[in-house]
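Structure file coords.cif (mmCIF, C-alpha atoms and all ligand atoms) is printed below.
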```cif
data_my_file
#
loop_
_atom_site.label_atom_id
_atom_site.label_comp_id
_atom_site.auth_asym_id
_atom_site.auth_seq_id
_atom_site.Cartn_x
_atom_site.Cartn_y
_atom_site.Cartn_z
CA ASP Y 1 0.00 0.00 0.00
CA LEU Y 2 1.38 3.34 -1.06
CA HIS Y 3 0.24 5.12 2.09
CA SER Y 4 1.30 2.54 4.63
CA PHE Y 5 4.09 4.51 6.23
CA PRO Y 6 4.24 8.08 7.46
CA THR Y 7 5.62 10.46 4.90
CA ARG Y 8 4.35 13.78 6.14
CA ARG Y 9 6.93 16.41 5.44
CA SER Y 10 8.65 17.74 8.49
CA SER Y 11 10.85 20.77 8.14
CA ASP Y 12 13.67 19.28 10.19
CA LEU Y 13 13.72 16.26 7.93
CA ARG Y 14 13.38 17.89 4.53
CA THR Y 15 13.83 21.55 3.67
CA SER Y 16 11.77 22.57 0.64
CA LEU Y 17 13.79 23.21 -2.48
CA MET Y 18 12.60 25.49 -5.26
CA ALA Y 19 14.75 25.05 -8.36
CA GLY Y 20 14.70 26.96 -11.63
CA ASN Y 21 15.84 25.12 -14.74
CA TRP Y 22 16.51 27.85 -17.26
CA LYS Y 23 17.17 25.35 -20.04
CA MET Y 24 18.67 26.99 -23.18
CA ASN Y 25 17.65 30.51 -22.26
CA LYS Y 26 19.47 33.71 -21.31
CA THR Y 27 22.79 35.16 -22.38
CA VAL Y 28 25.37 36.01 -19.72
CA GLU Y 29 24.02 39.52 -19.45
CA GLU Y 30 20.38 38.42 -19.24
CA ALA Y 31 21.21 35.77 -16.66
CA ALA Y 32 23.14 38.16 -14.44
CA GLY Y 33 20.36 40.74 -14.67
CA MET Y 34 17.68 38.24 -13.75
CA VAL Y 35 19.52 36.89 -10.75
CA LYS Y 36 20.24 40.37 -9.47
CA ALA Y 37 16.51 41.08 -9.42
CA LEU Y 38 15.78 37.67 -7.91
CA LYS Y 39 18.30 38.24 -5.13
CA ALA Y 40 16.46 41.36 -4.03
CA ALA Y 41 13.05 39.69 -4.31
CA VAL Y 42 13.93 36.68 -2.13
CA ALA Y 43 16.37 38.32 0.27
CA ASN Y 44 14.23 37.63 3.33
CA VAL Y 45 13.47 33.97 2.55
CA SER Y 46 15.16 31.52 4.89
CA ASP Y 47 12.84 28.52 5.12
CA VAL Y 48 13.07 27.42 1.49
CA GLU Y 49 16.26 26.49 -0.34
CA ILE Y 50 16.56 28.37 -3.63
CA LEU Y 51 18.40 27.05 -6.68
CA VAL Y 52 18.94 28.46 -10.16
CA CYS Y 53 20.37 26.41 -13.03
CA PRO Y 54 21.54 28.65 -15.88
CA ALA Y 55 23.29 27.55 -19.08
CA PHE Y 56 26.98 26.66 -18.69
CA THR Y 57 28.10 29.94 -20.24
CA ALA Y 58 26.33 32.00 -17.57
CA LEU Y 59 27.37 30.01 -14.48
CA TYR Y 60 30.42 32.05 -13.59
CA ALA Y 61 28.70 35.41 -13.95
CA VAL Y 62 25.62 34.28 -12.04
CA ASN Y 63 27.83 32.94 -9.27
CA ASN Y 64 29.46 36.34 -8.92
CA GLU Y 65 26.03 37.92 -8.49
CA ILE Y 66 24.75 35.47 -5.87
CA LYS Y 67 27.84 35.16 -3.68
CA GLY Y 68 26.83 35.52 -0.05
CA SER Y 69 23.11 35.35 -0.87
CA ASN Y 70 20.53 32.63 -0.19
CA ILE Y 71 20.53 31.52 -3.85
CA ASN Y 72 22.36 28.34 -4.84
CA LEU Y 73 23.80 27.50 -8.22
CA GLY Y 74 23.39 24.38 -10.34
CA ALA Y 75 24.37 23.25 -13.83
CA GLN Y 76 22.02 21.48 -16.23
CA ASN Y 77 24.32 18.57 -17.04
CA LEU Y 78 27.89 17.31 -16.75
CA PHE Y 79 30.10 14.70 -18.35
CA TRP Y 80 31.45 11.94 -16.12
CA GLU Y 81 35.09 11.96 -17.23
CA ALA Y 82 37.52 14.23 -15.38
CA LYS Y 83 39.20 15.63 -18.50
CA GLY Y 84 40.54 14.81 -21.93
CA ALA Y 85 39.51 14.53 -25.56
CA PHE Y 86 35.73 14.96 -25.23
CA THR Y 87 35.02 17.93 -27.46
CA GLY Y 88 32.06 19.95 -26.30
CA GLU Y 89 31.72 18.32 -22.89
CA ILE Y 90 31.98 19.90 -19.43
CA SER Y 91 33.56 18.13 -16.45
CA PRO Y 92 32.32 18.00 -12.85
CA ALA Y 93 35.33 20.00 -11.63
CA MET Y 94 34.62 22.73 -14.19
CA ILE Y 95 31.09 23.34 -12.96
CA LYS Y 96 32.14 22.98 -9.34
CA GLU Y 97 34.77 25.67 -9.80
CA ALA Y 98 32.23 27.90 -11.55
CA GLY Y 99 30.30 27.89 -8.26
CA CYS Y 100 27.83 25.03 -8.59
CA SER Y 101 26.70 22.92 -5.68
CA TYR Y 102 23.99 21.11 -7.66
CA VAL Y 103 23.65 19.59 -11.11
CA ILE Y 104 20.53 18.45 -12.99
CA ILE Y 105 20.98 14.95 -14.40
CA GLY Y 106 18.88 13.03 -16.92
CA HIS Y 107 16.29 15.67 -17.72
CA SER Y 108 13.67 14.23 -20.09
CA GLU Y 109 14.84 16.62 -22.79
CA ARG Y 110 18.30 15.07 -22.56
CA ARG Y 111 16.80 11.61 -22.65
CA GLN Y 112 14.61 12.50 -25.65
CA TYR Y 113 16.97 14.59 -27.75
CA PHE Y 114 20.43 13.56 -26.62
CA SER Y 115 20.06 9.82 -26.04
CA GLU Y 116 20.59 9.79 -22.29
CA THR Y 117 19.88 6.41 -20.74
CA ASP Y 118 19.59 5.23 -17.15
CA GLU Y 119 23.12 3.92 -17.53
CA THR Y 120 24.59 7.28 -18.55
CA VAL Y 121 22.45 8.98 -15.91
CA ASN Y 122 24.01 6.71 -13.29
CA LYS Y 123 27.55 7.52 -14.46
CA ARG Y 124 26.79 11.23 -14.22
CA VAL Y 125 25.20 10.85 -10.78
CA LYS Y 126 28.29 9.07 -9.46
CA ALA Y 127 30.62 11.63 -11.03
CA ALA Y 128 28.58 14.40 -9.42
CA PHE Y 129 28.90 12.88 -5.94
CA ALA Y 130 32.58 12.11 -6.46
CA ASN Y 131 33.10 15.84 -7.02
CA GLY Y 132 30.99 17.12 -4.15
CA LEU Y 133 28.00 18.05 -6.30
CA ILE Y 134 24.41 17.11 -5.46
CA PRO Y 135 22.58 15.60 -8.43
CA VAL Y 136 18.96 16.47 -9.17
CA VAL Y 137 17.96 13.31 -10.98
CA CYS Y 138 14.96 13.61 -13.28
CA VAL Y 139 12.48 10.82 -13.91
CA GLY Y 140 9.06 10.76 -15.53
CA GLU Y 141 6.74 8.95 -17.90
CA THR Y 142 5.57 9.99 -21.35
CA LEU Y 143 1.89 10.43 -22.17
CA GLU Y 144 1.94 7.14 -24.05
CA GLU Y 145 3.38 5.35 -21.03
CA ARG Y 146 0.78 6.88 -18.72
CA GLU Y 147 -2.02 5.85 -21.07
CA LYS Y 148 -0.63 2.32 -21.18
CA ASP Y 149 -0.74 2.33 -17.39
CA ILE Y 150 2.97 1.61 -16.98
CA THR Y 151 3.91 4.83 -15.14
CA PHE Y 152 5.12 3.09 -11.96
CA LYS Y 153 7.09 0.53 -13.94
CA VAL Y 154 8.82 3.25 -15.97
CA ILE Y 155 9.65 5.27 -12.86
CA GLU Y 156 10.94 2.19 -11.04
CA THR Y 157 13.29 1.34 -13.90
CA GLN Y 158 14.59 4.92 -14.03
CA ILE Y 159 15.17 5.07 -10.26
CA ARG Y 160 16.75 1.63 -9.94
CA GLY Y 161 19.02 2.29 -12.93
CA GLY Y 162 19.84 5.96 -12.53
CA LEU Y 163 20.38 5.89 -8.78
CA ALA Y 164 22.10 2.52 -8.45
CA GLY Y 165 25.04 1.98 -6.14
CA LEU Y 166 24.90 5.05 -3.87
CA SER Y 167 26.26 5.15 -0.33
CA PRO Y 168 23.68 5.81 2.42
CA GLU Y 169 24.88 9.43 2.68
CA GLU Y 170 24.63 9.95 -1.07
CA ALA Y 171 21.19 8.37 -1.17
CA SER Y 172 20.03 10.81 1.53
CA SER Y 173 21.41 13.94 -0.08
CA ALA Y 174 20.35 13.12 -3.66
CA VAL Y 175 17.41 15.08 -5.05
CA ILE Y 176 14.86 13.40 -7.32
CA ALA Y 177 12.66 15.37 -9.69
CA TYR Y 178 9.45 13.75 -10.90
CA GLU Y 179 8.62 15.40 -14.19
CA PRO Y 180 5.86 13.76 -16.21
CA VAL Y 181 6.92 14.43 -19.80
CA TRP Y 182 3.36 15.30 -20.82
CA ALA Y 183 3.32 18.13 -18.26
CA ILE Y 184 6.57 19.81 -19.32
CA GLY Y 185 6.11 23.10 -21.11
CA THR Y 186 2.52 22.20 -21.95
CA GLY Y 187 0.65 24.18 -19.33
CA LYS Y 188 -0.89 20.82 -18.40
CA THR Y 189 0.16 20.28 -14.77
CA ALA Y 190 -0.29 16.94 -13.06
CA THR Y 191 -3.03 17.32 -10.45
CA PRO Y 192 -1.73 17.43 -6.88
CA ASP Y 193 -3.20 13.92 -6.40
CA GLN Y 194 -1.58 12.52 -9.53
CA ALA Y 195 1.77 13.97 -8.50
CA GLN Y 196 1.49 12.85 -4.87
CA GLN Y 197 0.70 9.31 -5.98
CA VAL Y 198 3.92 9.05 -7.94
CA HIS Y 199 5.97 10.86 -5.27
CA ALA Y 200 4.71 8.41 -2.64
CA PHE Y 201 5.57 5.53 -4.95
CA ILE Y 202 9.09 6.89 -5.44
CA ARG Y 203 9.61 7.27 -1.70
CA LYS Y 204 8.34 3.75 -1.05
CA LEU Y 205 10.64 2.35 -3.71
CA TYR Y 206 13.52 4.38 -2.32
CA ARG Y 207 12.84 2.86 1.10
CA GLU Y 208 13.16 -0.60 -0.42
CA ILE Y 209 16.50 0.29 -1.97
CA TYR Y 210 17.99 2.79 0.48
CA ALA Y 211 16.06 2.26 3.73
CA ASP Y 212 16.18 5.36 5.97
CA ALA Y 213 17.41 7.65 3.21
CA ALA Y 214 13.80 7.60 1.96
CA GLY Y 215 12.79 9.95 4.76
CA LYS Y 216 15.50 12.42 3.82
CA VAL Y 217 15.61 12.40 0.02
CA ARG Y 218 13.85 15.39 -1.47
CA ILE Y 219 11.46 14.69 -4.30
CA LEU Y 220 10.61 17.71 -6.46
CA TYR Y 221 7.70 17.98 -8.85
CA GLY Y 222 8.26 19.49 -12.30
CA GLY Y 223 5.94 20.21 -15.19
CA SER Y 224 4.11 23.51 -15.69
CA VAL Y 225 4.50 24.65 -12.09
CA ASN Y 226 3.33 28.26 -11.81
CA PRO Y 227 2.43 30.77 -9.08
CA LYS Y 228 -1.21 29.63 -9.22
CA ASN Y 229 -0.73 25.89 -8.78
CA VAL Y 230 2.37 25.83 -6.58
CA SER Y 231 0.77 25.90 -3.15
CA ASP Y 232 -1.65 23.02 -3.84
CA LEU Y 233 1.23 20.94 -5.11
CA MET Y 234 3.39 21.84 -2.11
CA LYS Y 235 0.64 20.80 0.30
CA GLN Y 236 1.17 17.19 -0.72
CA PRO Y 237 3.13 15.24 1.91
CA ASP Y 238 5.70 13.81 -0.49
CA ILE Y 239 6.27 16.88 -2.65
CA ASP Y 240 9.33 18.64 -1.28
CA GLY Y 241 9.73 21.35 -3.88
CA GLY Y 242 9.62 22.16 -7.56
CA LEU Y 243 11.81 22.00 -10.64
CA VAL Y 244 10.49 24.80 -12.75
CA GLY Y 245 11.13 25.78 -16.36
CA GLY Y 246 9.07 28.60 -17.86
CA ALA Y 247 7.94 30.22 -14.60
CA SER Y 248 11.53 30.37 -13.31
CA LEU Y 249 12.76 32.66 -16.07
CA GLU Y 250 11.39 35.89 -14.63
CA ALA Y 251 12.48 37.11 -11.20
CA ASP Y 252 8.91 38.05 -10.21
CA SER Y 253 7.26 34.74 -10.94
CA PHE Y 254 10.13 32.67 -9.56
CA ALA Y 255 10.16 34.73 -6.37
CA GLN Y 256 6.42 34.04 -6.03
CA LEU Y 257 7.08 30.31 -6.37
CA VAL Y 258 9.75 30.49 -3.71
CA LYS Y 259 7.46 32.31 -1.33
CA TYR Y 260 4.49 30.01 -1.84
CA SER Y 261 6.43 26.80 -1.55
CA LYS Y 262 6.40 26.09 2.16
P1 LIG G 1 8.06 23.86 -17.37
O1 LIG G 1 7.98 24.38 -15.97
O2 LIG G 1 8.35 24.93 -18.39
O3 LIG G 1 6.89 22.99 -17.71
O4 LIG G 1 9.36 22.90 -17.42
C1 LIG G 1 9.49 21.93 -16.46
C2 LIG G 1 10.85 21.36 -16.55
O5 LIG G 1 11.17 20.63 -17.47
C3 LIG G 1 11.82 21.72 -15.51
O6 LIG G 1 12.97 20.94 -15.58
#
```
Encoded form (structure tokens):
Amino acid sequence: DLHSFPTRRSSDLRTSLMAGNWKMNKTVEEAAGMVKALKAAVANVSDVEILVCPAFTALYAVNNEIKGSNINLGAQNLFWEAKGAFTGEISPAMIKEAGCSYVIIGHSERRQYFSETDETVNKRVKAAFANGLIPVVCVGETLEEREKDITFKVIETQIRGGLAGLSPEEASSAVIAYEPVWAIGTGKTATPDQAQQVHAFIRKLYREIYADAAGKVRILYGGSVNPKNVSDLMKQPDIDGGLVGGASLEADSFAQLVKYSK
């Protein structure tokens, strides 16, 4: 039974995390300008962890803007090798030095357009941890998979494969993002119930694999999160935050998400 153990969010166990995935948007100048405005808008927030994930090119400049603030920095991907002849790739140490503490891994767009698999996701996750970065590992079913009623099976395969072989500490500090592919950029959000159902399933599965880490791992929802739907989503016991695309691009709307995400 999905609801057979207590999962109610407690702030000492799991701090909410509101993360903006800027995807392939914003030049260096645009990124720095946005984060400057965001910094002012969220200056008094202390009960929600805030994360922005700009394009690689803007990481360094954004980091300079947010130093000493309550905003954290993440990259949108990394390559697992430390260095060498891998034209076009970015290493964990490179993003770490640019100021990142987080990195998004296995976003559905990378799976769809750039042939990411659970196996490559797992290599990236391990490389992230090995370099002191916290991975935000994305999972989620397509519309076709949901209609075929294989959502849980798809999610289970992605979690077992992508998050295999972690230490107990890594399993606790990892962040999972449930992003139903049909809800990304479509304006079609999963209902709070639909999302909670999958989040509870993920936490139950995580308990099977990683025991007590299941109470600590943060599971974010992603897919058309906006200032109107955020608080109903965040009321769900197993939703610990959001991974937001479109609504994270403007300082105003992202600041609203941060403030309504307790
Ligand atoms: P949207 O919020 O634009 O639907 O994107 C969600 C997403 O993919 C975040 O990683």
Legend entry - atom CA of Y:Asn70 to atom CA of Y:Lys26, distance in Å rounded to a single decimal: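 Straight-line distance from atom CA of Y:Asn70 to atom CA of Y:Lys26 works out to 21.2 Å.
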Legend entry - Protein and nucleic acid residues within 7 Å of ligand LIG 1 (chain G) (only C-alpha atoms and all ligand atoms) as JSON, numbers by chain: {"Y": [21, 107, 179, 183, 184, 185, 186, 187, 222, 223, 224, 225, 243, 244, 245, 246, 247]}
Inset, instruction - Quote the spacing between atom CA of Y:Gln76 and atom CA of Y:Cys53 in Å to one decimal place. - result: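 Going from atom CA of Y:Gln76 over to atom CA of Y:Cys53, I get 6.1 Å.
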Inset, instruction - Could you jot down the atom CA of Y:Ala128 to atom CA of Y:Met234 separation for me, Å, one decimal place? - result: 27.3 Å
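With all atoms listed in the file as the atoms that count, the minimum distance from Y:Tyr260 to the choices Y:Ala171, Y:Leu59, Y:Asp240, Y:Val230 is reached by Y:Val230.
Distance annotation: of Y:Ala190, Y:Met24, Y:Met94, Y:Val175, the residue with the minimal separation from Y:Glu109 is Y:Met24; atom set is only C-alpha atoms.
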Legend entry - Selected residue, from Y:Ala127, Y:Trp182, Y:Ala61, Y:Val45, that lies nearest to Y:Leu143 when counting only C-alpha atoms: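 Among the listed residues, the smallest separation from Y:Leu143 belongs to Y:Trp182.
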Legend entry - Residue with smallest distance to Y:Ala251 - pool Y:Phe201, Y:Phe129, Y:Phe152, Y:Trp22, counting only C-alpha atoms: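 For Y:Ala251, the nearest of the candidates is Y:Trp22.
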Legend entry - Residue among Y:Cys100, Y:Ile209, Y:Asn72, Y:Val181 lying closest to Y:Leu51, counting all atoms listed in the file: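 Checking each of Y:Cys100, Y:Ile209, Y:Asn72, Y:Val181 against Y:Leu51, counting all atoms listed in the file, the winner is Y:Asn72.
Residue nearest Y:Glu170, chosen from Y:Asp232, Y:Asp212, Y:Asp238, Y:Glu65 and counting only C-alpha atoms: Y:Asp212.
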Inset, instruction - Please provide the set of residues having any atom within 8 Å of stretch 131-142 of chain Y, restricted to all atoms listed in the file, with same-chain residues fewer than 2 positions apart removed, written as a PyMOL selection string. - result: chain Y and resi 92-93+96+100-108+121+125+127-129+144-146+151+154-155+158-159+162+173-182
Write out as an mmCIF file with C-alpha atoms, keeping the file's coordinate frame each polymer residue whose atoms come within 7 Å of Y:Tyr210, counting only C-alpha atoms; drop sequence neighbours fewer than 3 positions from it.
```cif
data_model
loop_
_atom_site.group_PDB
_atom_site.id
_atom_site.type_symbol
_atom_site.label_atom_id
_atom_site.label_comp_id
_atom_site.auth_asym_id
_atom_site.auth_seq_id
_atom_site.Cartn_x
_atom_site.Cartn_y
_atom_site.Cartn_z
ATOM 1 C CA PRO Y 168 23.680 5.810 2.420
ATOM 2 C CA ALA Y 171 21.190 8.370 -1.170
ATOM 3 C CA TYR Y 206 13.520 4.380 -2.320
ATOM 4 C CA ARG Y 207 12.840 2.860 1.100
ATOM 5 C CA ALA Y 213 17.410 7.650 3.210
ATOM 6 C CA ALA Y 214 13.800 7.600 1.960
#
```
Inset, instruction - Using all atoms listed in the file, determine which residues lie at most 8 Å from stretch 32-36 of chain Y, disregarding the query and same-chain residues fewer than 3 positions distant; provide the list as a ChimeraX atom specification. - result: /Y:28-29,39-40,58,61-62,65-66,249-251
Inset, instruction - Pick out the residues sitting within 12 Å of Y:Ile50, and hand them over as a PyMOL selection string; count all atoms listed in the file, and ignore anything fewer than 6 positions along from it in its own chain. - result: chain Y and resi 15-21+35+38-39+41-44+66+69-74+101-102+241-244+248+254-259+261-262
Legend entry - All residues 6 Å or closer to Y:Lys216, all atoms listed in the file, same chain fewer than 4 positions away omitted, as a ChimeraX atom specification: /Y:13-14,172
